[in-house]
file structure-v6.pdb (PDB, C-alpha atoms)
ATOM      1  CA  MET A 292     -54.015 -64.690 -54.979
ATOM      2  CA  HIS A 293     -51.903 -67.145 -53.006
ATOM      3  CA  ILE A 294     -52.710 -70.742 -52.136
ATOM      4  CA  LEU A 295     -51.062 -72.187 -49.021
ATOM      5  CA  ILE A 296     -51.380 -75.948 -48.611
ATOM      6  CA  GLY A 297     -50.480 -78.013 -45.585
ATOM      7  CA  GLN A 298     -49.515 -81.629 -46.120
ATOM      8  CA  GLY A 299     -51.033 -84.103 -43.705
ATOM      9  CA  ASN A 300     -53.571 -86.864 -43.247
ATOM     10  CA  PRO A 301     -57.211 -86.128 -42.385
ATOM     11  CA  GLY A 302     -58.850 -87.501 -39.258
ATOM     12  CA  ALA A 303     -58.347 -87.336 -35.503
ATOM     13  CA  LYS A 304     -55.996 -90.345 -35.344
ATOM     14  CA  TYR A 305     -53.374 -88.488 -37.409
ATOM     15  CA  ALA A 306     -53.875 -84.990 -35.973
ATOM     16  CA  GLY A 307     -50.766 -84.959 -33.734
ATOM     17  CA  ASN A 308     -48.433 -86.817 -36.141
ATOM     18  CA  ARG A 309     -45.125 -85.361 -37.335
ATOM     19  CA  HIS A 310     -46.488 -85.909 -40.864
ATOM     20  CA  ASN A 311     -49.255 -83.405 -40.056
ATOM     21  CA  ILE A 312     -47.130 -80.381 -39.229
ATOM     22  CA  GLY A 313     -48.359 -78.823 -42.494
ATOM     23  CA  PHE A 314     -51.965 -79.004 -41.255
ATOM     24  CA  MET A 315     -50.834 -77.516 -37.935
ATOM     25  CA  VAL A 316     -49.359 -74.493 -39.732
ATOM     26  CA  MET A 317     -52.634 -73.947 -41.619
ATOM     27  CA  ASP A 318     -54.568 -74.001 -38.320
ATOM     28  CA  THR A 319     -52.123 -71.558 -36.731
ATOM     29  CA  ILE A 320     -52.315 -69.127 -39.666
ATOM     30  CA  ALA A 321     -56.129 -69.305 -39.750
ATOM     31  CA  SER A 322     -56.327 -68.553 -36.021
ATOM     32  CA  ASP A 323     -53.670 -65.812 -35.934
ATOM     33  CA  HIS A 324     -54.975 -63.920 -38.973
ATOM     34  CA  SER A 325     -58.718 -64.394 -38.337
ATOM     35  CA  PHE A 326     -59.359 -66.493 -41.454
ATOM     36  CA  GLY A 327     -62.394 -68.679 -41.758
ATOM     37  CA  PRO A 328     -64.657 -70.383 -41.430
ATOM     38  CA  TRP A 329     -63.290 -73.724 -42.622
ATOM     39  CA  ARG A 330     -65.466 -75.392 -45.287
ATOM     40  CA  ALA A 331     -65.248 -78.285 -47.735
ATOM     41  CA  LYS A 332     -64.019 -77.603 -51.296
ATOM     42  CA  PHE A 333     -61.314 -78.850 -53.698
ATOM     43  CA  GLN A 334     -61.107 -82.262 -51.981
ATOM     44  CA  SER A 335     -59.986 -80.316 -48.902
ATOM     45  CA  VAL A 336     -61.119 -78.182 -46.053
ATOM     46  CA  ILE A 337     -60.352 -74.584 -46.929
ATOM     47  CA  CYS A 338     -60.607 -71.104 -45.474
ATOM     48  CA  GLU A 339     -59.839 -67.678 -46.846
ATOM     49  CA  GLY A 340     -58.507 -64.356 -45.661
ATOM     50  CA  THR A 341     -56.116 -61.566 -46.554
ATOM     51  CA  ILE A 342     -52.478 -60.911 -45.690
ATOM     52  CA  GLY A 343     -51.085 -57.482 -46.563
ATOM     53  CA  GLY A 344     -54.069 -56.833 -48.822
ATOM     54  CA  GLU A 345     -53.497 -60.080 -50.775
ATOM     55  CA  LYS A 346     -56.159 -62.784 -50.909
ATOM     56  CA  VAL A 347     -54.904 -66.044 -49.394
ATOM     57  CA  LEU A 348     -56.524 -69.488 -49.522
ATOM     58  CA  LEU A 349     -55.528 -72.086 -46.918
ATOM     59  CA  MET A 350     -56.006 -75.776 -47.755
ATOM     60  CA  LYS A 351     -55.876 -78.991 -45.738
ATOM     61  CA  PRO A 352     -56.421 -81.764 -48.323
ATOM     62  CA  ASP A 353     -58.706 -84.704 -47.573
ATOM     63  CA  THR A 354     -56.805 -86.749 -50.165
ATOM     64  CA  PHE A 355     -54.240 -88.039 -47.644
ATOM     65  CA  TYR A 356     -50.600 -86.964 -47.623
ATOM     66  CA  ASN A 357     -49.368 -88.804 -50.716
ATOM     67  CA  GLU A 358     -52.057 -87.303 -52.988
ATOM     68  CA  THR A 359     -51.741 -83.638 -51.982
ATOM     69  CA  GLY A 360     -51.232 -82.615 -55.602
ATOM     70  CA  ARG A 361     -54.737 -83.666 -56.657
ATOM     71  CA  ALA A 362     -56.343 -81.180 -54.270
ATOM     72  CA  ALA A 363     -53.879 -78.436 -55.278
ATOM     73  CA  GLN A 364     -54.595 -79.050 -58.962
ATOM     74  CA  ALA A 365     -58.353 -78.647 -58.405
ATOM     75  CA  ALA A 366     -57.799 -75.259 -56.732
ATOM     76  CA  ILE A 367     -55.387 -73.780 -59.274
ATOM     77  CA  LYS A 368     -57.612 -74.883 -62.168
ATOM     78  CA  PHE A 369     -60.619 -73.206 -60.545
ATOM     79  CA  TYR A 370     -58.754 -69.932 -59.936
ATOM     80  CA  LYS A 371     -56.692 -70.165 -63.169
ATOM     81  CA  LEU A 372     -53.408 -69.732 -61.299
ATOM     82  CA  ALA A 373     -49.829 -70.686 -62.164
ATOM     83  CA  PRO A 374     -47.864 -73.206 -60.016
ATOM     84  CA  GLU A 375     -45.851 -70.285 -58.621
ATOM     85  CA  ALA A 376     -48.953 -69.158 -56.710
ATOM     86  CA  VAL A 377     -48.870 -72.341 -54.608
ATOM     87  CA  THR A 378     -46.859 -72.846 -51.405
ATOM     88  CA  VAL A 379     -46.831 -76.213 -49.646
ATOM     89  CA  PHE A 380     -45.794 -76.656 -46.001
ATOM     90  CA  HIS A 381     -44.506 -80.129 -45.097
ATOM     91  CA  ASP A 382     -42.412 -82.125 -42.640
ATOM     92  CA  GLU A 383     -38.794 -82.784 -43.614
ATOM     93  CA  ILE A 384     -36.852 -85.667 -42.038
ATOM     94  CA  ASP A 385     -33.584 -84.492 -43.608
ATOM     95  CA  LEU A 386     -33.616 -81.321 -41.519
ATOM     96  CA  ALA A 387     -32.942 -81.257 -37.779
ATOM     97  CA  PRO A 388     -35.964 -80.555 -35.541
ATOM     98  CA  GLY A 389     -37.040 -76.922 -35.706
ATOM     99  CA  ARG A 390     -35.031 -76.061 -38.822
ATOM    100  CA  LEU A 391     -36.835 -74.523 -41.798
ATOM    101  CA  ARG A 392     -35.839 -74.142 -45.432
ATOM    102  CA  VAL A 393     -37.694 -72.523 -48.333
ATOM    103  CA  LYS A 394     -37.224 -74.177 -51.704
ATOM    104  CA  ARG A 395     -38.632 -73.678 -55.178
ATOM    105  CA  GLY A 396     -38.018 -76.116 -58.016
ATOM    106  CA  GLY A 397     -35.962 -79.296 -57.998
ATOM    107  CA  GLY A 398     -36.950 -82.855 -57.163
ATOM    108  CA  HIS A 399     -39.118 -84.382 -54.471
ATOM    109  CA  SER A 400     -36.276 -85.914 -52.379
ATOM    110  CA  GLY A 401     -38.394 -88.989 -51.682
ATOM    111  CA  ASN A 402     -41.325 -87.042 -50.223
ATOM    112  CA  ASN A 403     -44.433 -88.595 -51.786
ATOM    113  CA  GLY A 404     -46.609 -85.578 -51.049
ATOM    114  CA  VAL A 405     -44.161 -83.312 -52.898
ATOM    115  CA  ARG A 406     -43.925 -85.937 -55.659
ATOM    116  CA  SER A 407     -47.712 -85.635 -56.056
ATOM    117  CA  MET A 408     -47.502 -81.810 -56.109
ATOM    118  CA  ILE A 409     -44.880 -81.913 -58.874
ATOM    119  CA  ALA A 410     -46.900 -84.456 -60.885
ATOM    120  CA  HIS A 411     -50.208 -82.579 -60.675
ATOM    121  CA  VAL A 412     -49.166 -78.930 -60.400
ATOM    122  CA  GLY A 413     -45.526 -78.591 -61.478
ATOM    123  CA  ALA A 414     -42.023 -78.279 -60.065
ATOM    124  CA  ASP A 415     -42.272 -74.508 -59.493
ATOM    125  CA  VAL A 416     -44.412 -74.919 -56.377
ATOM    126  CA  ARG A 417     -42.745 -73.252 -53.384
ATOM    127  CA  ARG A 418     -41.999 -75.665 -50.540
ATOM    128  CA  ILE A 419     -41.597 -74.800 -46.878
ATOM    129  CA  ARG A 420     -39.555 -77.694 -45.493
ATOM    130  CA  MET A 421     -40.059 -77.994 -41.739
ATOM    131  CA  GLY A 422     -37.475 -80.126 -39.974
ATOM    132  CA  VAL A 423     -38.741 -82.932 -37.748
ATOM    133  CA  GLY A 424     -35.470 -84.886 -37.549
ATOM    134  CA  HIS A 425     -34.658 -88.428 -38.655
ATOM    135  CA  PRO A 426     -35.222 -91.582 -36.600
ATOM    136  CA  GLY A 427     -31.738 -92.796 -37.567
ATOM    137  CA  ASP A 428     -32.653 -95.791 -39.704
ATOM    138  CA  LYS A 429     -34.548 -95.909 -43.004
ATOM    139  CA  SER A 430     -36.766 -98.761 -41.821
ATOM    140  CA  ARG A 431     -38.062 -96.576 -38.957
ATOM    141  CA  VAL A 432     -39.032 -93.532 -41.053
ATOM    142  CA  MET A 433     -42.695 -94.428 -41.668
ATOM    143  CA  PRO A 434     -43.579 -95.254 -38.044
ATOM    144  CA  TYR A 435     -41.641 -92.139 -36.974
ATOM    145  CA  VAL A 436     -43.495 -89.649 -39.184
ATOM    146  CA  LEU A 437     -46.832 -91.348 -38.419
ATOM    147  CA  SER A 438     -46.308 -91.014 -34.670
ATOM    148  CA  ASP A 439     -47.175 -87.967 -32.592
ATOM    149  CA  PHE A 440     -44.724 -85.266 -31.628
ATOM    150  CA  SER A 441     -43.205 -86.000 -28.234
ATOM    151  CA  LYS A 442     -43.589 -83.784 -25.165
ATOM    152  CA  ALA A 443     -39.968 -82.664 -25.618
ATOM    153  CA  ASP A 444     -40.723 -81.563 -29.208
ATOM    154  CA  GLU A 445     -43.171 -78.941 -27.945
ATOM    155  CA  ALA A 446     -40.234 -76.697 -26.967
ATOM    156  CA  TRP A 447     -39.459 -76.022 -30.645
ATOM    157  CA  GLN A 448     -42.636 -77.128 -32.461
ATOM    158  CA  LYS A 449     -45.070 -74.521 -31.096
ATOM    159  CA  PRO A 450     -42.641 -71.578 -31.563
ATOM    160  CA  LEU A 451     -41.934 -72.767 -35.129
ATOM    161  CA  LEU A 452     -45.645 -72.857 -36.007
ATOM    162  CA  GLU A 453     -46.145 -69.401 -34.529
ATOM    163  CA  ALA A 454     -43.097 -67.988 -36.349
ATOM    164  CA  CYS A 455     -44.291 -69.394 -39.704
ATOM    165  CA  SER A 456     -47.540 -67.496 -39.169
ATOM    166  CA  ARG A 457     -46.049 -64.254 -37.817
ATOM    167  CA  ALA A 458     -43.571 -63.894 -40.694
ATOM    168  CA  LEU A 459     -46.147 -64.757 -43.369
ATOM    169  CA  LEU A 460     -46.244 -61.313 -45.012
ATOM    170  CA  LEU A 461     -42.652 -61.882 -46.195
ATOM    171  CA  LEU A 462     -43.723 -65.067 -47.964
ATOM    172  CA  ILE A 463     -46.756 -63.417 -49.552
ATOM    173  CA  THR A 464     -44.530 -60.612 -50.879
ATOM    174  CA  GLU A 465     -42.093 -63.171 -52.377
ATOM    175  CA  ASN A 466     -39.266 -62.503 -49.921
ATOM    176  CA  ASP A 467     -38.403 -66.193 -49.541
ATOM    177  CA  GLU A 468     -34.931 -65.758 -48.030
ATOM    178  CA  ARG A 469     -36.111 -63.118 -45.587
ATOM    179  CA  TYR A 470     -39.041 -65.344 -44.582
ATOM    180  CA  GLN A 471     -36.668 -68.226 -43.843
ATOM    181  CA  THR A 472     -34.351 -65.948 -41.866
ATOM    182  CA  GLU A 473     -37.190 -64.316 -39.912
ATOM    183  CA  VAL A 474     -38.785 -67.631 -38.956
ATOM    184  CA  MET A 475     -35.438 -68.882 -37.664
ATOM    185  CA  ARG A 476     -34.921 -65.600 -35.777
ATOM    186  CA  LEU A 477     -38.344 -65.818 -34.141
ATOM    187  CA  ALA A 478     -38.011 -69.540 -33.356
ATOM    188  CA  PRO A 479     -34.336 -70.551 -33.126
ATOM    189  CA  ALA A 480     -33.953 -74.291 -33.634
ATOM    190  CA  PRO A 481     -32.698 -76.325 -30.665
ATOM    191  CA  LYS A 482     -29.023 -77.231 -30.522
ATOM    192  CA  SER A 483     -28.561 -80.091 -32.974
ATOM    193  CA  ASP A 484     -28.508 -83.615 -31.667
ATOM    194  CA  PRO A 485     -25.473 -85.301 -33.315
ATOM    195  CA  LYS A 486     -27.743 -88.248 -34.201
ATOM    196  CA  GLN A 487     -30.137 -85.977 -36.120
ATOM    197  CA  ALA A 488     -29.766 -84.932 -39.737
ATOM    198  CA  LYS A 489     -28.642 -81.340 -40.277
TER     199      LYS A 489
END

call {"tool": "encode", "arguments": {"input": "structure-v6.pdb", "output": "structure tokens"}}
result
Amino acid sequence: MHILIGQGNPGAKYAGNRHNIGFMVMDTIASDHSFGPWRAKFQSVICEGTIGGEKVLLMKPDTFYNETGRAAQAAIKFYKLAPEAVTVFHDEIDLAPGRLRVKRGGGHSGNNGVRSMIAHVGADVRRIRMGVGHPGDKSRVMPYVLSDFSKADEAWQKPLLEACSRALLLLITENDERYQTEVMRLAPAPKSDPKQAK
């Protein structure tokens, strides 16, 4: 069994935020692969389905972004799973818009949601880092990630969400590098803005 968790904040006021791209991926996967219905469990809204014959649980925690790990911990305890069974999708300001990197292990790089995952579940959680770009100054990071994607962002954001869903079988079968490559093939990132982080 695989657990896929999107990081984000619950509620309509946050729905379009850059910080909620993880929730957006969960919604895209659920729609594309006919999962559902969504229901409340594990301090989250969840839905279930299968990918390539494997059972997959999608989670959008109600705990707010910085406490994602508490919801993940509840699910893996219930199903008696190891941290390796968990994949978390989240926004990444240190990647240019539309870029994607798959990572397992290591630190949290200042991401409080990932910090919570490591604290409650363990460092071996797989992370899908989805680039949203950097506002250019540290003091502007919080308002930036808590603001909605711009109209211009739609050119790369929607294709990226769709590619994450379309290539999902590679992730479920533990082909992390191929998943990363296939997502970037399906949704090439825009030409980098020199002001944005690579």

call {"tool": "atom_distance", "arguments": {"input": "structure-v6.pdb", "atom1": "CA of Tyr370 in chain A", "atom2": "CA of Asp415 in chain A"}}
result
17.1 Å

call {"tool": "closest_residue", "arguments": {"input": "structure-v6.pdb", "among": "A:Gly313, A:Pro426, A:Gly396, A:Gly344", "to": "Asn300 in chain A", "atoms": "all atoms listed in the file"}}
result
A:Gly313

call {"tool": "residues_around", "arguments": {"input": "structure-v6.pdb", "residues": "Val474 in chain A", "least_positions_apart": "2", "cutoff": "7 Å", "atoms": "all atoms listed in the file", "output": "PyMOL selection string"}}
result
chain A and resi 454-455+458+470-472+476-478

call {"tool": "residues_around", "arguments": {"input": "structure-v6.pdb", "residues": "Gly389 in chain A", "least_positions_apart": "2", "cutoff": "6 Å", "atoms": "all atoms listed in the file", "output": "list in words"}}
result
Gly422, Trp447 and Ala480 of chain A

call {"tool": "residues_around", "arguments": {"input": "structure-v6.pdb", "residues": "Leu295 in chain A", "least_positions_apart": "5", "cutoff": "9 Å", "atoms": "all atoms listed in the file", "output": "list in words"}}
result
Met317, Val347, Leu348, Leu349, Met350, Lys351, Ala376, Val377, Thr378, Val379 and Phe380 of chain A

call {"tool": "closest_residue", "arguments": {"input": "structure-v6.pdb", "among": "A:Gln334, A:Gln298, A:Gln448, A:Asn308", "to": "Pro388 in chain A", "atoms": "all atoms listed in the file"}}
result
A:Gln448

call {"tool": "axis_aligned_box", "arguments": {"input": "structure-v6.pdb", "around": "range 426-429 of chain A", "padding_each_side": "5 Å", "output": "lines of an AutoDock Vina configuration file"}}
result
center_x = -33.5
center_y = -93.7
center_z = -39.8
size_x = 13.5
size_y = 14.3
size_z = 16.4

call {"tool": "resolve_selection", "arguments": {"input": "structure-v6.pdb", "expression": "the PyMOL selection byres ((chain A and resi 315) around 10)", "output": "VMD selection string"}}
result
chain A and resid 297 to 299 306 to 314 316 to 321 351 380 to 381 448 to 449 452 to 453

call {"tool": "atom_distance", "arguments": {"input": "structure-v6.pdb", "atom1": "CA of Leu391 in chain A", "atom2": "CA of Tyr435 in chain A"}}
result
18.9 Å

call {"tool": "closest_residue", "arguments": {"input": "structure-v6.pdb", "among": "A:Ile463, A:Ala363, A:Met475, A:Ala387", "to": "Lys332 in chain A", "atoms": "all atoms listed in the file"}}
result
A:Ala363

call {"tool": "atom_distance", "arguments": {"input": "structure-v6.pdb", "atom1": "CA of Glu345 in chain A", "atom2": "CA of Met292 in chain A"}}
result
6.3 Å

call {"tool": "closest_residue", "arguments": {"input": "structure-v6.pdb", "among": "A:Ala373, A:Ile409, A:Cys338, A:Leu461", "to": "Asn357 in chain A", "atoms": "all atoms listed in the file"}}
result
A:Ile409

call {"tool": "resolve_selection", "arguments": {"input": "structure-v6.pdb", "expression": "the PyMOL selection byres ((chain A and resi 383) around 6)", "output": "list of chain:residue names"}}
result
A:Asp382, A:Ile384, A:Asp385, A:Leu386, A:Arg420, A:Met421, A:Gly422, A:Val423

call {"tool": "closest_residue", "arguments": {"input": "structure-v6.pdb", "among": "A:Ala446, A:Ala331, A:Ser322, A:Val432", "to": "Pro479 in chain A", "atoms": "all atoms listed in the file"}}
result
A:Ala446

call {"tool": "build_atoms", "arguments": {"input": "structure-v6.pdb", "residues": "range 309-345 of chain A", "atoms": "N, CA and C atoms", "output": "CSV table (one decimal), in the frame of the given file"}}
result
chain,number,residue,atom,x,y,z
A,309,ARG,N,-46.2,-86.2,-36.7
A,309,ARG,CA,-45.1,-85.4,-37.3
A,309,ARG,C,-45.5,-85.1,-38.8
A,310,HIS,N,-46.1,-86.1,-39.5
A,310,HIS,CA,-46.5,-85.9,-40.9
A,310,HIS,C,-47.5,-84.8,-41.0
A,311,ASN,N,-48.2,-84.4,-40.0
A,311,ASN,CA,-49.3,-83.4,-40.1
A,311,ASN,C,-48.8,-82.0,-39.7
A,312,ILE,N,-47.6,-81.7,-39.6
A,312,ILE,CA,-47.1,-80.4,-39.2
A,312,ILE,C,-47.6,-79.3,-40.2
A,313,GLY,N,-47.8,-79.7,-41.5
A,313,GLY,CA,-48.4,-78.8,-42.5
A,313,GLY,C,-49.8,-78.4,-42.2
A,314,PHE,N,-50.6,-79.3,-41.7
A,314,PHE,CA,-52.0,-79.0,-41.3
A,314,PHE,C,-51.9,-78.1,-40.1
A,315,MET,N,-51.0,-78.3,-39.1
A,315,MET,CA,-50.8,-77.5,-37.9
A,315,MET,C,-50.5,-76.1,-38.3
A,316,VAL,N,-49.7,-75.9,-39.3
A,316,VAL,CA,-49.4,-74.5,-39.7
A,316,VAL,C,-50.6,-73.8,-40.3
A,317,MET,N,-51.4,-74.5,-41.1
A,317,MET,CA,-52.6,-73.9,-41.6
A,317,MET,C,-53.6,-73.5,-40.5
A,318,ASP,N,-53.7,-74.3,-39.5
A,318,ASP,CA,-54.6,-74.0,-38.3
A,318,ASP,C,-54.1,-72.8,-37.6
A,319,THR,N,-52.7,-72.7,-37.4
A,319,THR,CA,-52.1,-71.6,-36.7
A,319,THR,C,-52.3,-70.3,-37.5
A,320,ILE,N,-52.1,-70.3,-38.8
A,320,ILE,CA,-52.3,-69.1,-39.7
A,320,ILE,C,-53.8,-68.7,-39.6
A,321,ALA,N,-54.7,-69.6,-39.8
A,321,ALA,CA,-56.1,-69.3,-39.8
A,321,ALA,C,-56.5,-68.6,-38.4
A,322,SER,N,-56.0,-69.1,-37.3
A,322,SER,CA,-56.3,-68.6,-36.0
A,322,SER,C,-55.7,-67.2,-35.8
A,323,ASP,N,-54.4,-67.1,-36.2
A,323,ASP,CA,-53.7,-65.8,-35.9
A,323,ASP,C,-54.2,-64.7,-36.8
A,324,HIS,N,-54.6,-65.0,-38.0
A,324,HIS,CA,-55.0,-63.9,-39.0
A,324,HIS,C,-56.5,-63.8,-39.2
A,325,SER,N,-57.3,-64.5,-38.3
A,325,SER,CA,-58.7,-64.4,-38.3
A,325,SER,C,-59.3,-64.8,-39.7
A,326,PHE,N,-58.8,-65.9,-40.2
A,326,PHE,CA,-59.4,-66.5,-41.5
A,326,PHE,C,-60.6,-67.3,-41.0
A,327,GLY,N,-61.3,-67.7,-42.1
A,327,GLY,CA,-62.4,-68.7,-41.8
A,327,GLY,C,-63.7,-68.3,-42.3
A,328,PRO,N,-64.7,-69.1,-42.1
A,328,PRO,CA,-64.7,-70.4,-41.4
A,328,PRO,C,-64.1,-71.5,-42.4
A,329,TRP,N,-63.7,-72.6,-41.8
A,329,TRP,CA,-63.3,-73.7,-42.6
A,329,TRP,C,-64.5,-74.3,-43.3
A,330,ARG,N,-64.4,-74.7,-44.6
A,330,ARG,CA,-65.5,-75.4,-45.3
A,330,ARG,C,-64.9,-76.4,-46.3
A,331,ALA,N,-65.7,-77.3,-46.8
A,331,ALA,CA,-65.2,-78.3,-47.7
A,331,ALA,C,-65.3,-77.8,-49.2
A,332,LYS,N,-64.1,-77.9,-49.9
A,332,LYS,CA,-64.0,-77.6,-51.3
A,332,LYS,C,-62.7,-78.1,-51.8
A,333,PHE,N,-62.6,-78.4,-53.1
A,333,PHE,CA,-61.3,-78.8,-53.7
A,333,PHE,C,-60.7,-80.1,-53.0
A,334,GLN,N,-61.6,-81.0,-52.7
A,334,GLN,CA,-61.1,-82.3,-52.0
A,334,GLN,C,-60.3,-81.9,-50.7
A,335,SER,N,-60.7,-80.9,-50.1
A,335,SER,CA,-60.0,-80.3,-48.9
A,335,SER,C,-61.0,-79.6,-48.0
A,336,VAL,N,-60.4,-79.2,-46.8
A,336,VAL,CA,-61.1,-78.2,-46.1
A,336,VAL,C,-60.3,-76.9,-46.3
A,337,ILE,N,-61.0,-75.8,-46.6
A,337,ILE,CA,-60.4,-74.6,-46.9
A,337,ILE,C,-60.9,-73.4,-46.1
A,338,CYS,N,-60.1,-72.4,-46.0
A,338,CYS,CA,-60.6,-71.1,-45.5
A,338,CYS,C,-59.8,-70.0,-46.1
A,339,GLU,N,-60.4,-68.8,-46.1
A,339,GLU,CA,-59.8,-67.7,-46.8
A,339,GLU,C,-59.7,-66.5,-46.0
A,340,GLY,N,-58.7,-65.6,-46.4
A,340,GLY,CA,-58.5,-64.4,-45.7
A,340,GLY,C,-57.6,-63.5,-46.5
A,341,THR,N,-57.1,-62.4,-45.9
A,341,THR,CA,-56.1,-61.6,-46.6
A,341,THR,C,-54.9,-61.3,-45.7
A,342,ILE,N,-53.8,-61.2,-46.3
A,342,ILE,CA,-52.5,-60.9,-45.7
A,342,ILE,C,-51.9,-59.8,-46.5
A,343,GLY,N,-51.7,-58.6,-45.9
A,343,GLY,CA,-51.1,-57.5,-46.6
A,343,GLY,C,-51.9,-57.1,-47.8
A,344,GLY,N,-53.2,-57.2,-47.7
A,344,GLY,CA,-54.1,-56.8,-48.8
A,344,GLY,C,-54.2,-57.9,-49.9
A,345,GLU,N,-53.5,-59.0,-49.8
A,345,GLU,CA,-53.5,-60.1,-50.8
A,345,GLU,C,-54.4,-61.2,-50.3
